[in-house]
Every structure is written in structure tokens, then in C-alpha cells.
file input_14.cif (mmCIF, C-alpha atoms and all ligand atoms)
data_start
loop_
_atom_site.group_PDB
_atom_site.id
_atom_site.type_symbol
_atom_site.label_atom_id
_atom_site.label_comp_id
_atom_site.auth_asym_id
_atom_site.auth_seq_id
_atom_site.Cartn_x
_atom_site.Cartn_y
_atom_site.Cartn_z
ATOM 1 C CA MET A 78 50.303 -18.835 -46.372
ATOM 2 C CA SER A 79 52.215 -20.864 -48.925
ATOM 3 C CA ARG A 80 49.858 -21.254 -51.864
ATOM 4 C CA PHE A 81 52.699 -21.814 -54.339
ATOM 5 C CA GLU A 82 55.020 -24.215 -52.513
ATOM 6 C CA GLY A 83 56.865 -26.436 -55.015
ATOM 7 C CA LYS A 84 55.467 -24.524 -57.984
ATOM 8 C CA THR A 85 57.414 -22.801 -60.744
ATOM 9 C CA ALA A 86 56.023 -19.479 -61.973
ATOM 10 C CA ILE A 87 57.173 -17.492 -65.021
ATOM 11 C CA VAL A 88 56.400 -13.768 -64.962
ATOM 12 C CA THR A 89 57.121 -11.782 -68.130
ATOM 13 C CA GLY A 90 58.173 -8.190 -67.497
ATOM 14 C CA GLY A 91 58.683 -9.365 -63.905
ATOM 15 C CA ALA A 92 61.539 -7.019 -63.000
ATOM 16 C CA THR A 93 59.414 -3.868 -62.587
ATOM 17 C CA GLY A 94 55.992 -2.603 -61.518
ATOM 18 C CA ILE A 95 53.081 -5.023 -61.321
ATOM 19 C CA GLY A 96 55.301 -7.883 -62.536
ATOM 20 C CA LEU A 97 57.839 -7.358 -59.753
ATOM 21 C CA ALA A 98 55.101 -7.090 -57.103
ATOM 22 C CA THR A 99 53.682 -10.369 -58.420
ATOM 23 C CA VAL A 100 57.079 -12.059 -58.431
ATOM 24 C CA LYS A 101 57.659 -11.018 -54.805
ATOM 25 C CA LEU A 102 54.224 -12.197 -53.685
ATOM 26 C CA LEU A 103 54.493 -15.578 -55.430
ATOM 27 C CA ALA A 104 58.034 -16.095 -54.075
ATOM 28 C CA SER A 105 56.946 -15.167 -50.552
ATOM 29 C CA GLU A 106 54.359 -17.944 -50.813
ATOM 30 C CA GLY A 107 56.817 -20.614 -51.898
ATOM 31 C CA ALA A 108 57.113 -20.308 -55.689
ATOM 32 C CA ASP A 109 60.335 -20.649 -57.636
ATOM 33 C CA VAL A 110 59.955 -17.607 -59.865
ATOM 34 C CA VAL A 111 61.411 -17.095 -63.307
ATOM 35 C CA ILE A 112 61.600 -13.468 -64.379
ATOM 36 C CA ALA A 113 61.572 -12.894 -68.139
ATOM 37 C CA GLY A 114 62.738 -9.410 -69.060
ATOM 38 C CA ARG A 115 64.892 -7.534 -71.529
ATOM 39 C CA ASP A 116 67.144 -5.629 -69.138
ATOM 40 C CA GLU A 117 69.917 -7.576 -67.382
ATOM 41 C CA GLY A 118 70.481 -4.795 -64.808
ATOM 42 C CA ARG A 119 66.853 -4.672 -63.721
ATOM 43 C CA GLY A 120 66.775 -8.480 -63.644
ATOM 44 C CA THR A 121 69.797 -8.596 -61.360
ATOM 45 C CA ALA A 122 68.264 -5.976 -59.074
ATOM 46 C CA ALA A 123 65.031 -7.980 -58.864
ATOM 47 C CA LEU A 124 66.962 -11.156 -58.015
ATOM 48 C CA ALA A 125 68.738 -9.247 -55.225
ATOM 49 C CA GLU A 126 65.345 -8.324 -53.734
ATOM 50 C CA LEU A 127 64.210 -11.937 -54.014
ATOM 51 C CA ALA A 128 67.294 -13.230 -52.210
ATOM 52 C CA ALA A 129 65.769 -12.004 -48.948
ATOM 53 C CA ILE A 130 62.435 -13.690 -49.733
ATOM 54 C CA GLY A 131 63.513 -17.206 -50.708
ATOM 55 C CA GLY A 132 62.798 -19.851 -53.316
ATOM 56 C CA LYS A 133 64.974 -20.558 -56.328
ATOM 57 C CA PRO A 134 64.584 -17.431 -58.483
ATOM 58 C CA LEU A 135 65.984 -17.126 -61.985
ATOM 59 C CA PHE A 136 66.239 -14.245 -64.450
ATOM 60 C CA VAL A 137 66.228 -15.103 -68.149
ATOM 61 C CA ARG A 138 66.962 -12.227 -70.509
ATOM 62 C CA THR A 139 64.034 -12.442 -72.901
ATOM 63 C CA ASP A 140 62.430 -10.204 -75.455
ATOM 64 C CA ILE A 141 59.021 -11.872 -75.656
ATOM 65 C CA SER A 142 58.360 -10.326 -79.062
ATOM 66 C CA ASP A 143 60.923 -12.815 -80.395
ATOM 67 C CA GLU A 144 59.505 -16.345 -80.775
ATOM 68 C CA ASP A 145 62.943 -17.992 -80.471
ATOM 69 C CA ALA A 146 63.669 -16.059 -77.279
ATOM 70 C CA VAL A 147 60.415 -17.382 -75.813
ATOM 71 C CA ARG A 148 61.444 -20.962 -76.665
ATOM 72 C CA HIS A 149 64.774 -20.294 -74.942
ATOM 73 C CA LEU A 150 62.915 -18.988 -71.862
ATOM 74 C CA ILE A 151 60.800 -22.127 -71.630
ATOM 75 C CA GLY A 152 63.872 -24.344 -72.122
ATOM 76 C CA ARG A 153 65.831 -22.526 -69.391
ATOM 77 C CA THR A 154 62.858 -22.805 -67.029
ATOM 78 C CA MET A 155 62.484 -26.553 -67.628
ATOM 79 C CA ALA A 156 66.237 -27.002 -67.080
ATOM 80 C CA HIS A 157 65.953 -24.992 -63.842
ATOM 81 C CA THR A 158 63.100 -26.766 -62.033
ATOM 82 C CA GLY A 159 61.706 -29.245 -64.571
ATOM 83 C CA ARG A 160 58.202 -27.784 -64.570
ATOM 84 C CA ILE A 161 55.982 -24.790 -65.297
ATOM 85 C CA ASP A 162 52.934 -24.432 -63.057
ATOM 86 C CA VAL A 163 52.108 -20.752 -63.475
ATOM 87 C CA LEU A 164 52.595 -18.303 -66.349
ATOM 88 C CA ILE A 165 51.871 -14.596 -65.886
ATOM 89 C CA ASN A 166 51.775 -12.805 -69.255
ATOM 90 C CA ASN A 167 52.492 -9.319 -67.926
ATOM 91 C CA ALA A 168 54.995 -7.595 -70.249
ATOM 92 C CA ALA A 169 53.731 -4.620 -72.274
ATOM 93 C CA MET A 170 54.596 -1.124 -73.364
ATOM 94 C CA PHE A 171 52.527 2.026 -73.650
ATOM 95 C CA TYR A 172 52.991 5.326 -75.465
ATOM 96 C CA GLU A 173 50.680 7.968 -76.823
ATOM 97 C CA SER A 174 50.261 8.599 -80.519
ATOM 98 C CA ASP A 175 47.569 9.919 -82.822
ATOM 99 C CA PHE A 176 46.029 7.182 -84.920
ATOM 100 C CA LEU A 177 46.862 8.976 -88.174
ATOM 101 C CA GLN A 178 50.506 9.461 -87.104
ATOM 102 C CA GLU A 179 51.043 5.808 -86.137
ATOM 103 C CA THR A 180 53.519 3.747 -88.166
ATOM 104 C CA THR A 181 53.256 0.125 -89.185
ATOM 105 C CA ASP A 182 56.532 -0.699 -87.430
ATOM 106 C CA ARG A 183 55.385 0.744 -84.102
ATOM 107 C CA TRP A 184 51.933 -0.838 -84.398
ATOM 108 C CA ARG A 185 53.568 -4.222 -85.093
ATOM 109 C CA ALA A 186 55.962 -3.831 -82.148
ATOM 110 C CA VAL A 187 53.027 -3.344 -79.763
ATOM 111 C CA PHE A 188 51.174 -6.374 -81.138
ATOM 112 C CA ASP A 189 54.384 -8.452 -81.153
ATOM 113 C CA THR A 190 54.769 -7.870 -77.418
ATOM 114 C CA ILE A 191 51.220 -7.734 -76.062
ATOM 115 C CA VAL A 192 49.499 -10.254 -78.340
ATOM 116 C CA ASN A 193 52.118 -12.397 -80.073
ATOM 117 C CA GLY A 194 54.424 -12.500 -77.049
ATOM 118 C CA ALA A 195 51.572 -13.737 -74.867
ATOM 119 C CA TYR A 196 50.582 -16.206 -77.599
ATOM 120 C CA TRP A 197 54.098 -17.669 -77.856
ATOM 121 C CA CYS A 198 54.543 -17.845 -74.075
ATOM 122 C CA THR A 199 51.115 -19.452 -73.658
ATOM 123 C CA ARG A 200 51.648 -21.993 -76.425
ATOM 124 C CA GLU A 201 55.110 -23.059 -75.254
ATOM 125 C CA ALA A 202 54.197 -23.159 -71.550
ATOM 126 C CA ALA A 203 50.935 -24.996 -72.254
ATOM 127 C CA VAL A 204 52.854 -27.866 -73.850
ATOM 128 C CA ALA A 205 54.769 -28.358 -70.580
ATOM 129 C CA MET A 206 51.610 -27.858 -68.509
ATOM 130 C CA LYS A 207 49.716 -30.452 -70.562
ATOM 131 C CA GLU A 208 52.518 -32.994 -69.950
ATOM 132 C CA GLN A 209 52.315 -32.281 -66.212
ATOM 133 C CA GLY A 210 48.520 -32.593 -66.171
ATOM 134 C CA GLY A 211 47.716 -28.926 -65.661
ATOM 135 C CA GLY A 212 48.740 -25.369 -64.925
ATOM 136 C CA VAL A 213 47.501 -21.812 -64.602
ATOM 137 C CA ILE A 214 47.909 -18.760 -66.841
ATOM 138 C CA VAL A 215 47.031 -15.175 -65.915
ATOM 139 C CA ASN A 216 47.109 -12.474 -68.583
ATOM 140 C CA VAL A 217 47.629 -8.893 -67.467
ATOM 141 C CA SER A 218 45.321 -6.909 -69.708
ATOM 142 C CA SER A 219 43.903 -3.424 -69.103
ATOM 143 C CA ILE A 220 40.534 -1.729 -68.923
ATOM 144 C CA ASN A 221 41.694 -0.241 -72.268
ATOM 145 C CA GLY A 222 40.933 -3.669 -73.764
ATOM 146 C CA VAL A 223 37.252 -2.698 -73.800
ATOM 147 C CA ARG A 224 37.522 1.119 -73.768
ATOM 148 C CA ALA A 225 38.662 3.543 -76.472
ATOM 149 C CA LEU A 226 41.132 5.758 -74.612
ATOM 150 C CA ASN A 227 42.305 8.503 -76.986
ATOM 151 C CA ARG A 228 45.760 8.372 -78.561
ATOM 152 C CA SER A 229 46.406 4.702 -77.781
ATOM 153 C CA SER A 230 44.585 2.690 -80.464
ATOM 154 C CA HIS A 231 47.616 0.385 -80.774
ATOM 155 C CA TYR A 232 47.590 -0.532 -77.059
ATOM 156 C CA ASN A 233 43.782 -0.652 -76.706
ATOM 157 C CA SER A 234 43.456 -2.911 -79.762
ATOM 158 C CA ALA A 235 46.243 -5.211 -78.570
ATOM 159 C CA LYS A 236 44.720 -5.519 -75.087
ATOM 160 C CA GLY A 237 41.348 -6.328 -76.684
ATOM 161 C CA ALA A 238 43.027 -9.119 -78.633
ATOM 162 C CA LEU A 239 44.724 -10.330 -75.436
ATOM 163 C CA ASP A 240 41.289 -10.555 -73.783
ATOM 164 C CA GLN A 241 40.098 -12.802 -76.604
ATOM 165 C CA LEU A 242 43.271 -14.890 -76.292
ATOM 166 C CA THR A 243 42.353 -15.307 -72.612
ATOM 167 C CA ARG A 244 38.827 -16.514 -73.385
ATOM 168 C CA CYS A 245 39.796 -18.727 -76.331
ATOM 169 C CA THR A 246 42.697 -20.446 -74.556
ATOM 170 C CA ALA A 247 40.559 -20.877 -71.428
ATOM 171 C CA ALA A 248 38.053 -22.811 -73.540
ATOM 172 C CA GLU A 249 40.584 -24.804 -75.572
ATOM 173 C CA LEU A 250 43.048 -25.662 -72.826
ATOM 174 C CA SER A 251 40.440 -26.721 -70.243
ATOM 175 C CA PRO A 252 40.650 -30.416 -71.247
ATOM 176 C CA HIS A 253 44.354 -30.324 -70.317
ATOM 177 C CA GLY A 254 43.684 -29.024 -66.810
ATOM 178 C CA ILE A 255 44.912 -25.548 -67.679
ATOM 179 C CA ARG A 256 43.069 -22.529 -66.324
ATOM 180 C CA VAL A 257 43.435 -19.154 -68.068
ATOM 181 C CA ASN A 258 42.183 -15.873 -66.656
ATOM 182 C CA GLY A 259 43.062 -12.194 -66.821
ATOM 183 C CA VAL A 260 43.157 -9.003 -64.812
ATOM 184 C CA ALA A 261 42.282 -5.585 -66.204
ATOM 185 C CA PRO A 262 44.035 -2.868 -64.194
ATOM 186 C CA GLY A 263 42.961 0.781 -64.310
ATOM 187 C CA PHE A 264 45.401 3.537 -63.284
ATOM 188 C CA ILE A 265 48.227 1.888 -61.347
ATOM 189 C CA ASP A 266 51.225 3.778 -59.982
ATOM 190 C CA THR A 267 54.105 2.263 -61.990
ATOM 191 C CA GLY A 268 56.670 3.346 -64.566
ATOM 192 C CA LEU A 269 53.992 2.874 -67.214
ATOM 193 C CA SER A 270 52.166 5.910 -65.777
ATOM 194 C CA VAL A 271 55.027 8.105 -66.966
ATOM 195 C CA VAL A 272 53.974 9.139 -70.464
ATOM 196 C CA GLY A 273 56.141 11.539 -72.452
ATOM 197 C CA GLY A 274 58.291 12.212 -69.362
ATOM 198 C CA GLU A 275 55.306 13.157 -67.203
ATOM 199 C CA ASN A 276 53.684 11.004 -64.516
ATOM 200 C CA GLU A 277 50.022 11.257 -65.501
ATOM 201 C CA LEU A 278 48.932 10.418 -61.957
ATOM 202 C CA GLU A 279 50.567 13.655 -60.753
ATOM 203 C CA THR A 280 48.854 15.905 -63.294
ATOM 204 C CA GLU A 281 46.143 18.421 -62.392
ATOM 205 C CA TRP A 282 43.615 16.853 -64.811
ATOM 206 C CA PHE A 283 44.088 13.430 -63.204
ATOM 207 C CA LYS A 284 43.670 14.834 -59.702
ATOM 208 C CA ARG A 285 40.628 16.910 -60.672
ATOM 209 C CA TYR A 286 38.727 14.491 -62.889
ATOM 210 C CA TYR A 287 39.637 10.991 -61.721
ATOM 211 C CA VAL A 288 40.154 11.758 -58.022
ATOM 212 C CA GLY A 289 38.285 15.000 -57.223
ATOM 213 C CA GLU A 290 35.198 14.141 -59.273
ATOM 214 C CA ARG A 291 35.472 10.462 -58.355
ATOM 215 C CA LYS A 292 35.562 9.194 -61.945
ATOM 216 C CA ILE A 293 37.496 6.502 -60.089
ATOM 217 C CA PRO A 294 34.942 5.757 -57.346
ATOM 218 C CA LEU A 295 37.732 4.843 -54.878
ATOM 219 C CA ALA A 296 39.304 8.241 -55.720
ATOM 220 C CA ARG A 297 42.960 7.183 -56.058
ATOM 221 C CA PRO A 298 45.327 5.305 -58.342
ATOM 222 C CA GLY A 299 46.066 1.695 -57.449
ATOM 223 C CA GLN A 300 49.338 0.171 -56.277
ATOM 224 C CA SER A 301 51.160 -2.713 -57.961
ATOM 225 C CA GLU A 302 50.640 -4.880 -54.879
ATOM 226 C CA GLU A 303 46.858 -4.487 -55.194
ATOM 227 C CA VAL A 304 46.996 -5.949 -58.706
ATOM 228 C CA ALA A 305 49.482 -8.647 -57.697
ATOM 229 C CA ALA A 306 47.074 -9.829 -54.991
ATOM 230 C CA VAL A 307 44.358 -10.507 -57.588
ATOM 231 C CA ILE A 308 46.813 -12.144 -60.002
ATOM 232 C CA ALA A 309 47.989 -14.468 -57.207
ATOM 233 C CA PHE A 310 44.394 -15.297 -56.279
ATOM 234 C CA LEU A 311 43.594 -16.260 -59.889
ATOM 235 C CA ALA A 312 46.809 -18.324 -60.039
ATOM 236 C CA SER A 313 45.962 -20.130 -56.802
ATOM 237 C CA GLU A 314 43.792 -23.139 -56.009
ATOM 238 C CA ALA A 315 41.280 -20.764 -54.389
ATOM 239 C CA ALA A 316 40.245 -19.822 -57.948
ATOM 240 C CA SER A 317 39.856 -23.461 -59.052
ATOM 241 C CA TYR A 318 36.433 -22.812 -60.656
ATOM 242 C CA VAL A 319 37.329 -19.496 -62.322
ATOM 243 C CA GLN A 320 37.950 -19.920 -66.052
ATOM 244 C CA GLY A 321 38.150 -17.309 -68.839
ATOM 245 C CA ALA A 322 37.380 -14.400 -66.505
ATOM 246 C CA ILE A 323 38.947 -10.950 -66.849
ATOM 247 C CA VAL A 324 38.783 -9.252 -63.469
ATOM 248 C CA PRO A 325 38.903 -5.432 -63.325
ATOM 249 C CA VAL A 326 41.330 -4.054 -60.720
ATOM 250 C CA ASP A 327 40.565 -0.377 -61.213
ATOM 251 C CA GLY A 328 38.990 1.156 -58.113
ATOM 252 C CA GLY A 329 35.656 1.058 -59.946
ATOM 253 C CA LEU A 330 36.750 3.185 -62.936
ATOM 254 C CA SER A 331 35.187 0.861 -65.505
ATOM 255 C CA ILE A 332 31.697 1.044 -63.915
ATOM 256 C CA THR A 333 31.434 4.842 -64.265
ATOM 257 C CA PHE A 334 30.716 7.028 -67.264
HETATM 258 N N1 LIG B 401 50.328 0.893 -64.775
HETATM 259 C C1 LIG B 401 49.087 0.954 -65.225
HETATM 260 O O1 LIG B 401 48.381 1.945 -65.004
HETATM 261 C C2 LIG B 401 48.502 -0.195 -66.000
HETATM 262 C C3 LIG B 401 47.155 -0.116 -66.344
HETATM 263 C C4 LIG B 401 46.582 -1.148 -67.061
HETATM 264 C C5 LIG B 401 47.336 -2.251 -67.415
HETATM 265 N N2 LIG B 401 48.648 -2.302 -67.065
HETATM 266 C C6 LIG B 401 49.402 -3.481 -67.500
HETATM 267 O O2 LIG B 401 50.167 -4.005 -66.438
HETATM 268 C C7 LIG B 401 51.286 -4.704 -66.984
HETATM 269 C C8 LIG B 401 52.549 -4.302 -66.249
HETATM 270 O O3 LIG B 401 52.798 -2.938 -66.475
HETATM 271 P P1 LIG B 401 53.375 -1.974 -65.347
HETATM 272 O O4 LIG B 401 52.363 -0.945 -65.094
HETATM 273 O O5 LIG B 401 53.888 -2.781 -64.216
HETATM 274 O O6 LIG B 401 54.539 -1.220 -66.137
HETATM 275 P P2 LIG B 401 56.076 -1.575 -66.306
HETATM 276 O O7 LIG B 401 56.565 -0.749 -67.433
HETATM 277 O O8 LIG B 401 56.765 -1.474 -64.991
HETATM 278 O O9 LIG B 401 56.063 -3.123 -66.705
HETATM 279 C C9 LIG B 401 56.109 -3.605 -68.009
HETATM 280 C C10 LIG B 401 57.312 -4.534 -68.104
HETATM 281 O O10 LIG B 401 57.271 -5.230 -69.346
HETATM 282 C C11 LIG B 401 58.593 -5.230 -69.874
HETATM 283 N N3 LIG B 401 58.546 -5.445 -71.320
HETATM 284 C C12 LIG B 401 58.032 -4.632 -72.269
HETATM 285 N N4 LIG B 401 58.200 -5.182 -73.479
HETATM 286 C C13 LIG B 401 58.831 -6.361 -73.298
HETATM 287 C C14 LIG B 401 59.282 -7.379 -74.156
HETATM 288 N N5 LIG B 401 59.125 -7.292 -75.492
HETATM 289 N N6 LIG B 401 59.885 -8.469 -73.632
HETATM 290 C C15 LIG B 401 60.056 -8.572 -72.290
HETATM 291 N N7 LIG B 401 59.653 -7.642 -71.410
HETATM 292 C C16 LIG B 401 59.051 -6.545 -71.921
HETATM 293 C C17 LIG B 401 59.141 -3.863 -69.499
HETATM 294 O O11 LIG B 401 60.541 -3.794 -69.625
HETATM 295 C C18 LIG B 401 58.644 -3.769 -68.055
HETATM 296 O O12 LIG B 401 59.535 -4.426 -67.187
HETATM 297 C C19 LIG B 401 51.306 -4.384 -68.486
HETATM 298 O O13 LIG B 401 50.716 -5.461 -69.189
HETATM 299 C C20 LIG B 401 50.420 -3.159 -68.581
HETATM 300 O O14 LIG B 401 49.820 -3.032 -69.854
HETATM 301 C C21 LIG B 401 49.254 -1.298 -66.364
#

call {"tool": "encode", "arguments": {"input": "input_14.cif", "output": "C-alpha cells"}}
result
Amino acid sequence: MSRFEGKTAIVTGGATGIGLATVKLLASEGADVVIAGRDEGRGTAALAELAAIGGKPLFVRTDISDEDAVRHLIGRTMAHTGRIDVLINNAAMFYESDFLQETTDRWRAVFDTIVNGAYWCTREAAVAMKEQGGGVIVNVSSINGVRALNRSSHYNSAKGALDQLTRCTAAELSPHGIRVNGVAPGFIDTGLSVVGGENELETEWFKRYYVGERKIPLARPGQSEEVAAVIAFLASEAASYVQGAIVPVDGGLSITF
């Protein structure tokens, strides 16, 4: 299959986890991928993996919580291939904190990455997409966008805002041939699962409650590749009539209570 032949795809936070799995899948199907990340070393390592896959990959050191850095990313991408067909707003961070212990600076940092970063990337990429006559955006949200997981009000609130950004831009950018959708992963086995030095997927409570008692009906965490497959579907022509949707990729977690 080569669903992305001749297309340029930007993936934020594309050097690790779900982003890296997405980058590899898109590249294996013909895309020229642009990885936007903060860490040069991880970017170089990702490019080395892509060398065996093909395409014309590029890493641009970018902190998406910085509006100027996002403009630089878009400029470098346009200089690289002259177009932007796909944008995957994937970058995010997660940590636990009690609501009453949270600080304004930390709260702002989460919103600057998850909400404002996606806003700046969407706005700048959409200008190029409009010129080209269309494009596709996929926002990587979380089931936390509609659930109140304890000790992560910052992240849950930001993902909820990202879901609204998905719906609102889907409606407003439709006349320009731009589709916008999202995925909402549940528990996925990535670096983000390591909270406070502990991999929560390895803990007894996770194994007992989510797996043993089938709070996750499929009784296991997901893999990055299983999320990447849905992201690639939404970014492909096969999803040509899907607009403003946020697809859970959570083994059924969000249907239980
Ligand atoms: N792993 C899970 O269980 C899970 C569940 C639900 C949603 N998600 C979402 O999936 C996406 C990918 O996360 P992941 O699980 O692959 O974890 P990850 O930590 O491997 O990926 C996040 C990436 O974003 C990058 N990043 C963070 N802030 C950035 C910034 N300001 N500028 C540029 N890059 C930045 C990180 O360096 C990292 O490479 C995130 O949006 C996350 O919220 C993950």
C-alpha cells in the first residue's frame, strides 16, 4: 500500500512513542515525513530508523509551545518539499499533581503544548493547505478529554480543549478542503505511561483492575502501532467523508463504568 505517495506529513512529538510509530507507518507508505521535536538526539535516532524505510525525512528541532518555533517548522517544511498535506498534532506531556498543588506556570506549560501548540501548528499548516486546495489534520487527544481522571486536571482540561479545537477547525476549514479529526487513546505502552518513575502498566492495581477485572474490555494496554494505524486511516483518502470525529483507540475502556 502507498496511501501517502508524494505527500508531506508533519508529526509533532514524532521521535518517540505513538508519534514515531505514526512517522514510520506514513513513511513506509510513501510520505516524506517531518518530525518536530525538542530533542536533537532522539530526532537523529528517529531519522536513522527512517533511513531503512525511505522517503525524504527531516527532523526540525521545535518546541511547539513557542509560536515562532512553529513558524520556523512550517517554513523549513515548505523549503524541504514545498507542501504540507498531513499534520499530526501529537506532542504532549503528562504528570500527576493534585489540583490544589498545581501552579500557574505548570498549568500554562501544559496548555501551551497541548492546546496552543496544536492551535499554532494547525493555523500555520492550514494556510499552506488552503493554498494547495486541501489537506488533512489529525489531533492526538486522549480519553481523558472527556473523563475526569484524578490528579491530572491540567492534562484532562487541555485534551478537552483540543477536542473542541478538532470540531471547530473541522467545521471552519471544510470550505478549504481540509479535514480535521482526532484519536483518543486509552492506556498505550509508551514513555508517557511512566509516571513518577513507575510504569503504571506494570503496577498491581493496573493488572488487577484494568486487566483482571476487564475494566478495559480487551484486557490489555494498547501498542503505539495500534494507534498509528487509526491515525493513518484518518489521514488517508479512505476517510474522505470523516470530519470532526474523535475516534477512541482504547480497547473499549471508555464504554465501561
Ligand atoms: N501513552 C498513553 O497511554 C496515551 C494515552 C492517551 C493519549 N496519549 C497521547 O498520545 C500522544 C503521544 O504520546 P506518547 O504516549 O507517544 O508519549 P511520548 O512521551 O512518547 O510522546 C510525546 C512526545 O511529545 C514530545 N513533546 C512534548 N512536549 C513538546 C513540545 N512542547 N514540543 C515538541 N514536542 C514535545 C515529547 O518529547 C515526546 O516525544 C500524546 O498526545 C499523548 O497525550 C497517550

call {"tool": "residues_near_ligand", "arguments": {"input": "input_14.cif", "ligand": "ligand LIG 401 (chain B)", "cutoff": "7 Å", "atoms": "all atoms listed in the file", "output": "mmCIF file with C-alpha atoms, keeping the file's coordinate frame"}}
result
data_model
loop_
_atom_site.group_PDB
_atom_site.id
_atom_site.type_symbol
_atom_site.label_atom_id
_atom_site.label_comp_id
_atom_site.auth_asym_id
_atom_site.auth_seq_id
_atom_site.Cartn_x
_atom_site.Cartn_y
_atom_site.Cartn_z
ATOM 1 C CA THR A 89 57.121 -11.782 -68.130
ATOM 2 C CA GLY A 90 58.173 -8.190 -67.497
ATOM 3 C CA GLY A 91 58.683 -9.365 -63.905
ATOM 4 C CA ALA A 92 61.539 -7.019 -63.000
ATOM 5 C CA THR A 93 59.414 -3.868 -62.587
ATOM 6 C CA GLY A 94 55.992 -2.603 -61.518
ATOM 7 C CA ILE A 95 53.081 -5.023 -61.321
ATOM 8 C CA GLY A 96 55.301 -7.883 -62.536
ATOM 9 C CA ALA A 113 61.572 -12.894 -68.139
ATOM 10 C CA GLY A 114 62.738 -9.410 -69.060
ATOM 11 C CA ARG A 115 64.892 -7.534 -71.529
ATOM 12 C CA ASP A 116 67.144 -5.629 -69.138
ATOM 13 C CA THR A 139 64.034 -12.442 -72.901
ATOM 14 C CA ASP A 140 62.430 -10.204 -75.455
ATOM 15 C CA ILE A 141 59.021 -11.872 -75.656
ATOM 16 C CA SER A 142 58.360 -10.326 -79.062
ATOM 17 C CA ASN A 167 52.492 -9.319 -67.926
ATOM 18 C CA ALA A 168 54.995 -7.595 -70.249
ATOM 19 C CA ALA A 169 53.731 -4.620 -72.274
ATOM 20 C CA MET A 170 54.596 -1.124 -73.364
ATOM 21 C CA PHE A 171 52.527 2.026 -73.650
ATOM 22 C CA THR A 190 54.769 -7.870 -77.418
ATOM 23 C CA VAL A 217 47.629 -8.893 -67.467
ATOM 24 C CA SER A 218 45.321 -6.909 -69.708
ATOM 25 C CA SER A 219 43.903 -3.424 -69.103
ATOM 26 C CA ILE A 220 40.534 -1.729 -68.923
ATOM 27 C CA ALA A 261 42.282 -5.585 -66.204
ATOM 28 C CA PRO A 262 44.035 -2.868 -64.194
ATOM 29 C CA GLY A 263 42.961 0.781 -64.310
ATOM 30 C CA PHE A 264 45.401 3.537 -63.284
ATOM 31 C CA ILE A 265 48.227 1.888 -61.347
ATOM 32 C CA ASP A 266 51.225 3.778 -59.982
ATOM 33 C CA THR A 267 54.105 2.263 -61.990
ATOM 34 C CA GLY A 268 56.670 3.346 -64.566
ATOM 35 C CA LEU A 269 53.992 2.874 -67.214
ATOM 36 C CA SER A 270 52.166 5.910 -65.777
ATOM 37 C CA SER A 301 51.160 -2.713 -57.961
#

call {"tool": "resolve_selection", "arguments": {"input": "input_14.cif", "expression": "the PyMOL selection byres (((chain A and resi 151) around 9) and not hetatm)", "output": "count of residues only"}}
result
16

call {"tool": "residues_around", "arguments": {"input": "input_14.cif", "residues": "region 314-325 of chain A", "least_positions_apart": "5", "cutoff": "8 Å", "atoms": "only C-alpha atoms", "output": "PyMOL selection string"}}
result
chain A and resi 80+219-220+240+243-248+256-263+331

call {"tool": "atom_distance", "arguments": {"input": "input_14.cif", "atom1": "CA of Lys207 (chain A)", "atom2": "CA of His253 (chain A)"}}
result
5.4 Å

call {"tool": "closest_residue", "arguments": {"input": "input_14.cif", "among": "A:Arg183, A:Gly329, A:Val213, A:Asn233", "to": "Phe310 (chain A)", "atoms": "all atoms listed in the file"}}
result
A:Val213

call {"tool": "atom_distance", "arguments": {"input": "input_14.cif", "atom1": "CA of Lys292 (chain A)", "atom2": "CA of Glu179 (chain A)"}}
result
28.9 Å

call {"tool": "closest_residue", "arguments": {"input": "input_14.cif", "among": "A:Asp145, A:Glu208, A:Asp182, A:Asp175", "to": "Gly254 (chain A)", "atoms": "all atoms listed in the file"}}
result
A:Glu208

call {"tool": "axis_aligned_box", "arguments": {"input": "input_14.cif", "around": "region 149-163 of chain A", "padding_each_side": "3 Å", "output": "JSON"}}
result
{"center_x": 59.2, "center_y": -24.1, "center_z": -68.5, "size_x": 20.1, "size_y": 16.3, "size_z": 18.9}

call {"tool": "atom_distance", "arguments": {"input": "input_14.cif", "atom1": "CA of Val111 (chain A)", "atom2": "CA of His157 (chain A)"}}
result
9.1 Å

call {"tool": "resolve_selection", "arguments": {"input": "input_14.cif", "expression": "the PyMOL selection byres (((chain A and resi 102) around 12) and not hetatm)", "output": "ChimeraX atom specification"}}
result
/A:78-81,86,88,91,95-101,103-110,126-127,130-132,301-310,312-313

call {"tool": "build_atoms", "arguments": {"input": "input_14.cif", "residues": "region 160-169 of chain A", "atoms": "N, CA, C and O atoms", "output": "tab-separated table (two decimals), in the coordinates of the input"}}
result
chain	number	residue	atom	x	y	z
A	160	ARG	N	59.65	-27.93	-64.43
A	160	ARG	CA	58.20	-27.78	-64.57
A	160	ARG	C	57.78	-26.32	-64.73
A	160	ARG	O	58.56	-25.41	-64.41
A	161	ILE	N	56.58	-26.14	-65.23
A	161	ILE	CA	55.98	-24.79	-65.30
A	161	ILE	C	54.54	-24.91	-64.79
A	161	ILE	O	53.70	-25.55	-65.43
A	162	ASP	N	54.28	-24.34	-63.64
A	162	ASP	CA	52.93	-24.43	-63.06
A	162	ASP	C	52.11	-23.18	-63.32
A	162	ASP	O	50.89	-23.25	-63.42
A	163	VAL	N	52.81	-22.04	-63.36
A	163	VAL	CA	52.11	-20.75	-63.48
A	163	VAL	C	52.83	-19.90	-64.52
A	163	VAL	O	54.06	-19.83	-64.53
A	164	LEU	N	52.05	-19.28	-65.40
A	164	LEU	CA	52.60	-18.30	-66.35
A	164	LEU	C	51.81	-17.01	-66.19
A	164	LEU	O	50.57	-17.02	-66.27
A	165	ILE	N	52.52	-15.91	-65.95
A	165	ILE	CA	51.87	-14.60	-65.89
A	165	ILE	C	52.35	-13.80	-67.10
A	165	ILE	O	53.51	-13.38	-67.16
A	166	ASN	N	51.47	-13.61	-68.07
A	166	ASN	CA	51.78	-12.80	-69.26
A	166	ASN	C	51.54	-11.34	-68.90
A	166	ASN	O	50.42	-10.83	-68.97
A	167	ASN	N	52.61	-10.67	-68.50
A	167	ASN	CA	52.49	-9.32	-67.93
A	167	ASN	C	53.17	-8.23	-68.77
A	167	ASN	O	52.78	-7.08	-68.72
A	168	ALA	N	54.19	-8.61	-69.55
A	168	ALA	CA	55.00	-7.60	-70.25
A	168	ALA	C	54.16	-6.79	-71.25
A	168	ALA	O	53.31	-7.35	-71.95
A	169	ALA	N	54.40	-5.50	-71.30
A	169	ALA	CA	53.73	-4.62	-72.27
A	169	ALA	C	54.44	-3.28	-72.30
A	169	ALA	O	55.23	-2.98	-71.41
